[in-house]
Structures are given as C-alpha cells and as structure tokens.
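Q: Structure below; questions to follow.
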Amino acid sequence: MIDIAVGAAVGVMSGVMFWVFDGLSYGLFPLLTLILPGSAALLHALFYFPATLGLLIVRKPGASAYVLLVASFVEVVLGTKYSVSLVVIALVQALAAEAVFAVFRYRRWTLGVTLLSAVAIGIVYNFYLLFFYYQAFPFFSPRGLIGTACELLSAVVFAGFGSWVLYRALAKSGVLTRFASGR
C-alpha cells in the first residue's frame, strides 16, 4: 500500500513539474528550434525522467506507468496545450521504460539498466514525435538527425543519469529505508 502512496507522490510532484516545464517550453522550445532545428529535444527527457525514477524507487512492475499516468493527469488538470494525448504518450513512454527492466526481470537496478531504459524511452518518444508532429521532416533530414541525437542525449542525461543521481541522493538521505530501493 505504501508503494501506491509513494508512486502517487512522485507522480503528483512530476505532474506539477511537467506543468511548469510546459509553461517554460512556450518560449524556450521555439528559441532552441530557431537556433538549431531539432535542438529543443535536448529538454524532452525532463518530461519522462520520472518513468525511470519511479521504477528505481518503487521497484515493482507497473511503477513507471503509474507514476507517469498520475503525472500526466495532474498536468492535464492544471492545464496543458497537449490535452489528453499527453496521457497516451505517457503510457507509451512508461511501456518503453518497463520493457527494459522487464528484460532483466525487475531484478537489476543498476545505472546501466537505467541508462538502457532511458534510451529506450528516448527512441520511442523520438519516433512518436517524427510520426505525429514532424511528418514534414524525414528521419534522415538534418532536422530529423539533429532531433534524434538531441533526444538520445537528453534521455541519457536526464532520464538516465538524472534519475539515477536523484534516486541515489534519496537513498543516501534515508528517505527510502522502508523500501527495498533504500537498503
């Protein structure tokens, strides 16, 4: 039962954070795109790093989906330009994160597995964007290649290393001692 509460807390905090980032993205993403088309993807993983963080903390199948669903619902309730499509992509991102940890049977909670999970989310989200938002740009166009490189870099930095560092800091502080992730 406590896992559900922790997952919900991470989800609510993430949803509020998403809402703030969403507001900042109105000015920042177009500016980055103006500087270098595709470079706005450097910040995309800020929206999906809770997928890996939730799994690292709760360490149960479905944790990523639960955290991202709660976060996306919070963002939708607070108001977002993406509406309900946000919930769909949250599920897709969570499935990518869960798939990697599932390959390791939810028994390996290492930086390497976290990085693989982050890269999986980045790949899935990149193709989602190319398919639904950037149809005018082929994958092998300069915008497609720059966007892909930036998406993967963002995934590694924020969803991989970022969630790992945050998880380790929480574990070191003693907040997670009631969980397997804190021992």
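If you're wondering about the labels, chains in the structure tokens are A, B, ... by order shown, residues count from 1 in each chain, ligands from 1 in order shown.
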Determine, counting only C-alpha atoms, which protein, DNA and RNA residues have an atom within 8 Å of an atom of Val74 in chain A; residues of the same chain fewer than 3 positions away are not included. Present the result as JSON, numbers by chain.

A: {"A": [12, 15, 16, 70, 71, 77, 78]}

Q: Just write the chosen residues, N, CA, C and O atoms, as an mmCIF file, in the first residue's frame.

A:
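Output below, filename selection-v8.cif:
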data_model
loop_
_atom_site.group_PDB
_atom_site.id
_atom_site.type_symbol
_atom_site.label_atom_id
_atom_site.label_comp_id
_atom_site.auth_asym_id
_atom_site.auth_seq_id
_atom_site.Cartn_x
_atom_site.Cartn_y
_atom_site.Cartn_z
ATOM 1 N N VAL A 12 2.482 13.079 -8.614
ATOM 2 C CA VAL A 12 1.927 14.415 -8.415
ATOM 3 C C VAL A 12 3.034 15.466 -8.525
ATOM 4 O O VAL A 12 2.872 16.489 -9.200
ATOM 5 N N GLY A 15 3.942 15.762 -12.104
ATOM 6 C CA GLY A 15 2.910 16.458 -12.865
ATOM 7 C C GLY A 15 2.996 17.966 -12.704
ATOM 8 O O GLY A 15 2.866 18.717 -13.678
ATOM 9 N N VAL A 16 3.226 18.424 -11.487
ATOM 10 C CA VAL A 16 3.395 19.857 -11.250
ATOM 11 C C VAL A 16 4.648 20.353 -11.965
ATOM 12 O O VAL A 16 4.646 21.409 -12.608
ATOM 13 N N VAL A 70 -0.244 9.289 -13.310
ATOM 14 C CA VAL A 70 -0.607 10.289 -12.305
ATOM 15 C C VAL A 70 -0.059 11.651 -12.726
ATOM 16 O O VAL A 70 -0.769 12.661 -12.697
ATOM 17 N N ALA A 71 1.202 11.692 -13.154
ATOM 18 C CA ALA A 71 1.823 12.954 -13.567
ATOM 19 C C ALA A 71 1.086 13.578 -14.751
ATOM 20 O O ALA A 71 0.835 14.789 -14.760
ATOM 21 N N VAL A 77 -5.023 18.343 -15.668
ATOM 22 C CA VAL A 77 -5.926 19.077 -14.779
ATOM 23 C C VAL A 77 -5.448 20.515 -14.582
ATOM 24 O O VAL A 77 -6.249 21.451 -14.562
ATOM 25 N N LEU A 78 -4.125 20.706 -14.450
ATOM 26 C CA LEU A 78 -3.589 22.053 -14.273
ATOM 27 C C LEU A 78 -3.678 22.875 -15.552
ATOM 28 O O LEU A 78 -3.676 24.098 -15.509
#

Q: Which residues are near Arg168 in chain A? Cut-off 12 Å, only C-alpha atoms, ignore same chain within fewer than 2 positions. Put them as JSON, numbers by chain.

A: {"A": [53, 56, 57, 109, 110, 111, 161, 162, 163, 164, 165, 166, 170, 171, 172, 173, 174, 175, 176, 177, 181, 182, 183]}

Q: DSSP says alpha helix (DSSP H) for which residues of range 15-172 of chain A? Put them as a VMD selection string?

A: chain A and resid 15 to 35 49 to 58 63 to 78 85 to 103 111 to 132 142 to 154 163 to 172

Q: Which residues are close to Thr52 in chain A, i.e. within 8 Å by only C-alpha atoms, leaving aside same-chain residues fewer than 3 positions away? Reply as a ChimeraX atom specification.

A: /A:48-49,55-56,64,97,114,117-118,159-160,163

Q: What's the 8 Å shell around Leu152 in chain A, counting only C-alpha atoms, without same-chain residues fewer than 5 positions away, as a PyMOL selection string?

A: chain A and resi 119+122-123

Q: Put those residues in a file: C-alpha atoms, as a compact mmCIF listing (two decimals), in the first residue's frame.

A:
# COMPACT_ATOMS: atom_id res chain seq x y z
CA VAL A 119 17.49 5.34 -24.17
CA GLY A 122 14.11 8.39 -25.96
CA ILE A 123 13.93 6.20 -29.06

Q: Between A:Leu95, A:Leu31, A:Ala136, A:Ala120, single out the one closest to Gly62 in chain A, counting only C-alpha atoms.

A: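 Of all the options, A:Leu95 lies closest to Gly62 in chain A.
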
Q: Mind pulling up the distance from CA of Ala51 in chain A to CA of Ser14 in chain A?

A: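 Between CA of Ser14 in chain A and CA of Ala51 in chain A the gap works out to 9.9 Å.
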
Q: Would you mind telling me which residue in A:Thr80, A:Ser25, A:Thr148, A:Ser39 lies nearest to Tyr125 in chain A when using only C-alpha atoms?

A: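 Closest residue, counting only C-alpha atoms: A:Thr148.
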
Q: If you count only C-alpha atoms, which residues fall within 9 Å of Val87 in chain A, apart from same-chain ones fewer than 4 positions away, as a list of chain:residue names?

A: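 After dropping sequence-adjacent residues, the list is A:Leu68, A:Leu69, A:Ala71, A:Ser72, A:Phe73, A:Val76, A:Ser83, A:Leu91, A:Val92.
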
Q: For a test of reading the model, state the distance in Å between CA of Ala102 in chain A and CA of Ala9 in chain A, rounded to one decimal.

A: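 Computed distance, CA of Ala102 in chain A to CA of Ala9 in chain A, equals 23.3 Å.
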
Q: Quick one: residues within 12 Å of Ala5 in chain A, only C-alpha atoms, excluding same-chain residues fewer than 3 positions away - as a list of chain:residue names?

A: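 So the residues in contact are A:Met1, A:Ile2, A:Ala8, A:Ala9, A:Val10, A:Gly11, A:Val12, A:Gly54, A:Ile57, A:Val58, A:Ala63, A:Tyr66, A:Val67, A:Val70.
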
Q: Taking only C-alpha atoms into account, name the residue in A:Phe139, A:Phe132, A:Tyr82, A:Phe101 that is nearest to Gly38 in chain A.

A: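 Of A:Phe139, A:Phe132, A:Tyr82, A:Phe101, the one nearest Gly38 in chain A, counting only C-alpha atoms, is A:Phe139.
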
Q: Measuring between only C-alpha atoms, which one of A:Arg59, A:Phe179, A:Ala155, A:Tyr167 shows the shortest distance to Arg105 in chain A?

A: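 Among the listed residues, A:Arg59 lies closest to Arg105 in chain A.
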